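J.: Following this line is structure-v3.cif, made up of mmCIF, C-alpha atoms:
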```
data_target
loop_
_atom_site.label_atom_id
_atom_site.label_comp_id
_atom_site.auth_asym_id
_atom_site.auth_seq_id
_atom_site.Cartn_x
_atom_site.Cartn_y
_atom_site.Cartn_z
CA MET Q 1 9.25 -11.40 -1.22
CA SER Q 2 9.11 -11.12 -5.01
CA THR Q 3 5.62 -12.04 -6.17
CA PRO Q 4 3.90 -9.55 -8.50
CA TYR Q 5 1.28 -8.86 -5.83
CA TYR Q 6 3.95 -7.90 -3.30
CA ARG Q 7 5.70 -5.66 -5.80
CA ILE Q 8 2.51 -3.90 -6.90
CA ALA Q 9 1.36 -3.17 -3.33
CA HIS Q 10 4.72 -2.44 -1.72
CA GLN Q 11 6.67 -0.85 -4.57
CA VAL Q 12 4.78 0.17 -7.71
CA ILE Q 13 1.76 1.87 -6.15
CA PRO Q 14 3.74 3.88 -3.53
CA ALA Q 15 6.24 5.01 -6.18
CA ARG Q 16 3.54 6.18 -8.57
CA ALA Q 17 1.52 7.83 -5.79
CA ALA Q 18 4.57 9.85 -4.79
CA LYS Q 19 5.45 10.89 -8.34
CA GLU Q 20 2.03 11.43 -9.95
CA PRO Q 21 -0.71 11.16 -7.31
CA ALA Q 22 -3.49 12.81 -9.33
CA ALA Q 23 -2.81 10.70 -12.43
CA LEU Q 24 -2.69 7.46 -10.44
CA TRP Q 25 -5.91 8.31 -8.60
CA LYS Q 26 -7.67 9.03 -11.89
CA LEU Q 27 -6.44 5.80 -13.45
CA LEU Q 28 -7.42 3.55 -10.57
CA SER Q 29 -10.82 5.16 -9.97
CA GLY Q 30 -11.97 5.09 -13.58
CA PRO Q 31 -12.36 2.79 -16.58
CA GLU Q 32 -8.64 2.71 -17.38
CA TRP Q 33 -7.72 0.81 -14.20
CA SER Q 34 -7.52 -2.53 -16.02
CA THR Q 35 -5.27 -1.06 -18.72
CA TRP Q 36 -2.94 0.29 -16.06
CA LEU Q 37 -2.73 -3.09 -14.34
CA ALA Q 38 -2.09 -4.79 -17.68
CA MET Q 39 0.81 -2.38 -18.24
CA VAL Q 40 2.15 -3.19 -14.78
CA ALA Q 41 2.00 -6.91 -15.54
CA GLN Q 42 3.84 -6.34 -18.82
CA VAL Q 43 6.62 -4.39 -17.12
CA LEU Q 44 6.90 -6.93 -14.30
CA ASP Q 45 6.89 -9.67 -16.96
CA GLU Q 46 4.54 -11.76 -14.84
CA PRO Q 47 0.81 -12.50 -15.06
CA VAL Q 48 -1.35 -10.53 -12.63
CA ARG Q 49 -4.64 -12.22 -11.87
CA GLY Q 50 -7.22 -11.54 -9.18
CA VAL Q 51 -6.19 -7.89 -8.70
CA GLY Q 52 -8.71 -5.08 -8.94
CA VAL Q 53 -10.13 -1.92 -7.43
CA GLU Q 54 -13.06 -2.25 -5.04
CA GLY Q 55 -16.23 -0.73 -6.52
CA VAL Q 56 -14.71 0.48 -9.77
CA LEU Q 57 -17.01 -1.66 -11.92
CA THR Q 58 -20.08 -0.07 -10.30
CA ASN Q 59 -18.71 3.50 -10.38
CA ASP Q 60 -18.24 3.38 -6.62
CA ALA Q 61 -14.46 3.14 -6.36
CA VAL Q 62 -13.93 6.17 -4.12
CA LYS Q 63 -14.86 5.28 -0.55
CA THR Q 64 -15.25 8.14 1.95
CA ARG Q 65 -14.92 7.59 5.68
CA ALA Q 66 -14.37 10.32 8.30
CA ASN Q 67 -13.64 12.94 5.60
CA VAL Q 68 -11.00 10.74 3.95
CA GLU Q 69 -11.28 9.58 0.32
CA MET Q 70 -9.87 6.13 -0.33
CA LEU Q 71 -9.25 3.69 -3.16
CA ALA Q 72 -8.78 0.04 -2.19
CA VAL Q 73 -6.81 -2.21 -4.51
CA TYR Q 74 -7.52 -5.85 -3.66
CA PHE Q 75 -5.32 -8.89 -4.19
CA PRO Q 76 -5.79 -12.68 -4.14
CA GLU Q 77 -5.72 -14.44 -0.77
CA PRO Q 78 -2.15 -14.01 0.51
CA SER Q 79 0.00 -17.11 0.10
CA GLY Q 80 2.41 -16.16 2.87
CA PRO Q 81 3.61 -13.43 5.24
CA GLY Q 82 4.12 -10.05 3.61
CA GLU Q 83 1.60 -10.70 0.87
CA PRO Q 84 -1.12 -8.01 0.64
CA TYR Q 85 -4.84 -8.17 1.22
CA PHE Q 86 -5.31 -4.53 0.21
CA ALA Q 87 -3.31 -1.49 -0.86
CA VAL Q 88 -5.26 1.60 0.17
CA LEU Q 89 -4.67 5.06 -1.29
CA ALA Q 90 -5.95 7.89 0.90
CA ARG Q 91 -6.34 11.62 0.46
CA ARG Q 92 -8.35 14.55 1.76
CA PRO Q 93 -11.30 15.48 -0.53
CA GLY Q 94 -10.23 18.16 -2.99
CA GLN Q 95 -6.52 17.59 -2.34
CA THR Q 96 -3.90 15.98 -4.57
CA ARG Q 97 -1.43 14.47 -2.10
CA VAL Q 98 -1.98 10.73 -1.67
CA ARG Q 99 -0.74 8.48 1.12
CA THR Q 100 -0.45 4.73 0.57
CA TYR Q 101 -1.07 1.95 3.06
CA VAL Q 102 -0.75 -1.83 2.78
CA PHE Q 103 -2.62 -4.45 4.80
CA GLU Q 104 -0.55 -7.61 4.68
CA LYS Q 105 -0.57 -11.08 6.16
CA GLY Q 106 1.53 -11.36 9.30
CA ILE Q 107 3.40 -14.30 10.77
CA SER Q 108 1.27 -16.50 13.03
CA ASP Q 109 2.26 -19.70 14.79
CA PRO Q 110 -0.01 -22.73 14.31
CA GLY Q 111 -3.18 -22.30 16.32
CA GLU Q 112 -2.75 -18.55 16.73
CA PRO Q 113 -5.28 -16.06 15.33
CA LEU Q 114 -4.66 -14.44 11.97
CA ARG Q 115 -2.44 -11.37 12.12
CA VAL Q 116 -3.00 -8.52 9.65
CA ILE Q 117 -0.25 -5.90 9.63
CA MET Q 118 -0.85 -2.34 8.48
CA ALA Q 119 2.05 -0.30 7.12
CA GLU Q 120 2.45 3.01 5.31
CA TRP Q 121 4.91 3.49 2.48
CA ARG Q 122 6.49 6.91 2.03
CA VAL Q 123 8.66 7.79 -0.92
CA GLU Q 124 10.64 10.97 -0.35
CA GLY Q 125 13.23 11.73 -2.99
CA SER Q 126 15.47 8.69 -3.29
CA SER Q 127 14.40 7.28 0.09
CA THR Q 128 11.66 4.69 0.53
CA MET Q 129 10.31 4.28 4.05
CA ARG Q 130 8.03 1.63 5.49
CA ILE Q 131 6.25 2.67 8.68
CA ARG Q 132 4.85 -0.39 10.39
CA MET Q 133 1.78 -0.04 12.55
CA ASP Q 134 -0.32 -2.26 14.77
CA THR Q 135 -2.00 -5.51 13.85
CA SER Q 136 -5.52 -6.89 13.85
CA ALA Q 137 -7.16 -10.17 13.03
CA ASP Q 138 -9.62 -8.79 10.49
CA PRO Q 139 -8.64 -8.34 6.82
CA SER Q 140 -12.12 -7.24 5.73
CA LEU Q 141 -12.49 -4.22 3.46
CA GLU Q 142 -14.51 -2.18 5.96
CA THR Q 143 -12.01 -2.76 8.76
CA CYS Q 144 -9.10 -1.74 6.51
CA LEU Q 145 -10.92 1.39 5.32
CA ALA Q 146 -11.88 2.40 8.87
CA ARG Q 147 -8.34 1.84 10.12
CA THR Q 148 -6.89 3.86 7.21
CA ALA Q 149 -9.20 6.79 7.87
CA THR Q 150 -8.34 6.78 11.58
CA VAL Q 151 -4.58 6.66 11.01
CA PHE Q 152 -4.74 9.25 8.23
CA ASN Q 153 -6.62 11.71 10.44
CA GLU Q 154 -4.46 11.09 13.51
CA ASP Q 155 -1.23 11.39 11.54
CA GLY Q 156 -1.66 14.79 9.92
CA GLY Q 157 -3.80 13.80 6.97
CA ASP Q 158 -2.68 15.62 3.83
CA LYS Q 159 -0.08 17.67 5.72
CA ALA Q 160 3.60 16.81 5.84
CA PRO Q 161 4.15 13.57 7.77
CA PRO Q 162 5.61 13.80 11.27
CA PRO Q 163 9.36 13.24 11.79
CA ILE Q 164 10.51 9.66 11.45
CA ALA Q 165 11.50 8.26 14.84
CA GLY Q 166 14.28 5.98 13.61
CA LEU Q 167 15.76 4.03 10.73
CA ALA Q 168 16.10 0.30 10.25
CA ALA Q 169 17.06 -1.95 7.39
CA HIS Q 170 14.08 -3.14 5.40
CA VAL Q 171 13.59 -6.89 5.55
CA GLY Q 172 12.45 -7.83 2.06
CA ALA Q 173 11.57 -11.41 2.97
CA GLY Q 174 8.49 -10.52 4.98
CA PRO Q 175 6.83 -8.22 7.50
CA ALA Q 176 8.60 -6.74 10.48
CA PRO Q 177 8.56 -8.60 13.82
CA ALA Q 178 5.45 -8.35 15.97
CA SER Q 179 5.08 -5.37 18.29
CA LYS Q 180 2.44 -3.26 20.02
CA GLY Q 181 1.56 0.23 18.87
CA LEU Q 182 3.51 2.12 16.27
CA ARG Q 183 6.85 0.60 15.20
CA ILE Q 184 9.16 1.97 12.56
CA ALA Q 185 10.62 -0.30 9.93
CA ILE Q 186 12.17 1.81 7.21
CA GLY Q 187 13.78 0.45 4.10
CA ILE Q 188 16.38 2.03 1.91
CA GLY Q 189 17.61 -1.35 0.66
CA ILE Q 190 19.33 -1.39 -2.69
CA THR Q 191 16.96 -3.98 -4.15
CA LEU Q 192 13.84 -2.04 -3.22
CA LEU Q 193 15.32 1.25 -4.34
CA VAL Q 194 16.27 -0.16 -7.73
CA ALA Q 195 12.80 -1.66 -8.13
CA THR Q 196 11.16 1.64 -7.20
CA VAL Q 197 13.27 3.69 -9.60
CA TRP Q 198 12.60 1.11 -12.28
CA ALA Q 199 8.85 1.35 -11.72
CA VAL Q 200 8.93 5.15 -11.76
CA CYS Q 201 10.88 5.20 -15.01
CA PHE Q 202 8.81 2.70 -16.93
CA LEU Q 203 5.25 2.89 -15.60
CA ARG Q 204 4.53 6.27 -17.17
#
```
Rewrite the structure from the file as structure tokens, please.

T.:
Amino acid sequence: MSTPYYRIAHQVIPARAAKEPAALWKLLSGPEWSTWLAMVAQVLDEPVRGVGVEGVLTNDAVKTRANVEMLAVYFPEPSGPGEPYFAVLARRPGQTRVRTYVFEKGISDPGEPLRVIMAEWRVEGSSTMRIRMDTSADPSLETCLARTATVFNEDGGDKAPPPIAGLAAHVGAGPAPASKGLRIAIGIGITLLVATVWAVCFLR
């Protein structure tokens, strides 16, 4: 998957959140959000249309649910599996550490209900990890915010994440296979790593 929407949600935002969480939060929650996205588009060398931050134009970008502050970056209707509906940044009020989640379109056979996959991206040093979670059939903003708050609170919140259960090669062409409950799909692929380092170096 190589569309600009995929790269922003799955690569650029997690990389920046890991390196400069406070700066990214300030940019996306305030009037400079559009400038930041324009810079991203310039670096990616592709037009980025239909991307924005929910509520930022009405000074209501920060959404709070269950004592979790969140920013929701929205994207155009996904064109295929792996494409994002939302990238959600989450943190505890008053804290700096930010965790990043993506709600993406899953693979559905004809006639089957829509599948929306939730995953968390963690960037730790030179390792990039994708933790795949359960699915739903509702890509609405409120459902994504509620699910993020629940997972954030159940998974340690702003504390250090729990140990990773296993490692698997990241499949860049789309989301991980369907499963029930929590499933780990961690990527340290060379392509993704290069893209992440590139984003960290140039989106300053």

J.: Quick one: pull the distance between CA of Asp158 in chain Q and CA of Gln11 in chain Q, Å, one decimal.

T.: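 Pair CA of Asp158 in chain Q / CA of Gln11 in chain Q returns 20.7 Å.
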
J.: Which is closer to Glu154 in chain Q than all the others in Q:Ala66, Q:Gly50, Q:Pro76, Q:Ala9, using all atoms listed in the file?

T.: Q:Ala66

J.: One decimal, Å: what's the distance from CA of Val53 in chain Q over to CA of Leu114 in chain Q, could you say?

T.: 23.7 Å

J.: So that I can check the surroundings of Tyr101 in chain Q, please list as a list in words every protein, DNA and RNA residue that reaches within 9 Å of it, counting all atoms listed in the file and ignoring chain neighbours fewer than 2 positions away.

T.: Ala9, His10, Pro14, Phe86, Ala87, Val88, Leu89, Ala90, Arg99, Phe103, Met118, Ala119, Glu120, Trp121 and Thr148 of chain Q

J.: Emit the selected residues as a compact mmCIF listing (two decimals), in the coordinates of the input, including C-alpha atoms.

T.:
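out.txt written:
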```txt
# COMPACT_ATOMS: atom_id res chain seq x y z
CA ALA Q 9 1.36 -3.17 -3.33
CA HIS Q 10 4.72 -2.44 -1.72
CA PRO Q 14 3.74 3.88 -3.53
CA PHE Q 86 -5.31 -4.53 0.21
CA ALA Q 87 -3.31 -1.49 -0.86
CA VAL Q 88 -5.26 1.60 0.17
CA LEU Q 89 -4.67 5.06 -1.29
CA ALA Q 90 -5.95 7.89 0.90
CA ARG Q 99 -0.74 8.48 1.12
CA PHE Q 103 -2.62 -4.45 4.80
CA MET Q 118 -0.85 -2.34 8.48
CA ALA Q 119 2.05 -0.30 7.12
CA GLU Q 120 2.45 3.01 5.31
CA TRP Q 121 4.91 3.49 2.48
CA THR Q 148 -6.89 3.86 7.21
```

J.: Work out how far apart CA of Val73 in chain Q and CA of Gly52 in chain Q are and give it in Å to one decimal.

T.: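 We find that CA of Val73 in chain Q and CA of Gly52 in chain Q lie 5.6 Å from each other.
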
J.: When you count all atoms listed in the file, which of these residues is closest to Ala15 in chain Q: Q:Arg115, Q:Arg97, Q:Arg122, Q:Arg130?

T.: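 Using all atoms listed in the file, Ala15 in chain Q sits closest to Q:Arg122.
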
J.: Nearest to Pro139 in chain Q: which of Q:Glu104, Q:Gly125, Q:Asp45, Q:Pro4 is it, counting only C-alpha atoms?

T.: Q:Glu104

J.: Q:Lys63, Q:Val43, Q:Ala137, Q:Trp33: which is nearest Ala149 in chain Q, counting all atoms listed in the file?

T.: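 Distance minimum relative to Ala149 in chain Q lands on Q:Lys63.
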
J.: At a cut-off of 12 Å, using all atoms listed in the file, what residues contact Arg65 in chain Q? Leave out same-chain residues fewer than 5 positions from it and give the result as a CSV table (one decimal) with C-alpha atoms, keeping the file's coordinate frame.

T.:
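Result written to result_4.csv:
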```csv
chain,number,residue,atom,x,y,z
Q,70,MET,CA,-9.9,6.1,-0.3
Q,71,LEU,CA,-9.2,3.7,-3.2
Q,90,ALA,CA,-6.0,7.9,0.9
Q,91,ARG,CA,-6.3,11.6,0.5
Q,92,ARG,CA,-8.4,14.6,1.8
Q,93,PRO,CA,-11.3,15.5,-0.5
Q,142,GLU,CA,-14.5,-2.2,6.0
Q,143,THR,CA,-12.0,-2.8,8.8
Q,144,CYS,CA,-9.1,-1.7,6.5
Q,145,LEU,CA,-10.9,1.4,5.3
Q,146,ALA,CA,-11.9,2.4,8.9
Q,147,ARG,CA,-8.3,1.8,10.1
Q,148,THR,CA,-6.9,3.9,7.2
Q,149,ALA,CA,-9.2,6.8,7.9
Q,150,THR,CA,-8.3,6.8,11.6
Q,151,VAL,CA,-4.6,6.7,11.0
Q,152,PHE,CA,-4.7,9.2,8.2
Q,153,ASN,CA,-6.6,11.7,10.4
```

J.: To verify the selection step, state as a VMD selection string which residues the PyMOL selection byres ((chain Q and resi 36) around 12) yields on this input.

T.: chain Q and resid 8 12 to 13 16 23 to 35 37 to 43 48 51 to 53 203 to 204

J.: Would you place a box with edges along x, y and z of the file around all atoms of range 37-47 of chain Q listed there, add 5 Å to each of its six sides, and report the centre and edge lengths in Å to one decimal, as AutoDock Vina command-line options?

T.:
```
--center_x 2.1 --center_y -7.4 --center_z -16.6 --size_x 19.6 --size_y 20.1 --size_z 14.5
```

J.: Scan for residues within 9 Å of the point (3.1, -17.8, 5.0) in the coordinates of the file, using only C-alpha atoms, and reply as a PyMOL selection string.

T.: chain Q and resi 78-83+105-108

J.: Store the residues of this selection in a file with C-alpha atoms, as a JSON list (two decimals), in the coordinates of the input.

T.:
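The file below, part29.json, is the result:
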```json
[["chain", "number", "residue", "atom", "x", "y", "z"],
["Q", 78, "PRO", "CA", -2.15, -14.01, 0.51],
["Q", 79, "SER", "CA", 0.00, -17.11, 0.10],
["Q", 80, "GLY", "CA", 2.41, -16.16, 2.87],
["Q", 81, "PRO", "CA", 3.61, -13.43, 5.24],
["Q", 82, "GLY", "CA", 4.12, -10.05, 3.61],
["Q", 83, "GLU", "CA", 1.60, -10.70, 0.87],
["Q", 105, "LYS", "CA", -0.57, -11.08, 6.16],
["Q", 106, "GLY", "CA", 1.53, -11.36, 9.30],
["Q", 107, "ILE", "CA", 3.40, -14.30, 10.77],
["Q", 108, "SER", "CA", 1.27, -16.50, 13.03]]
```
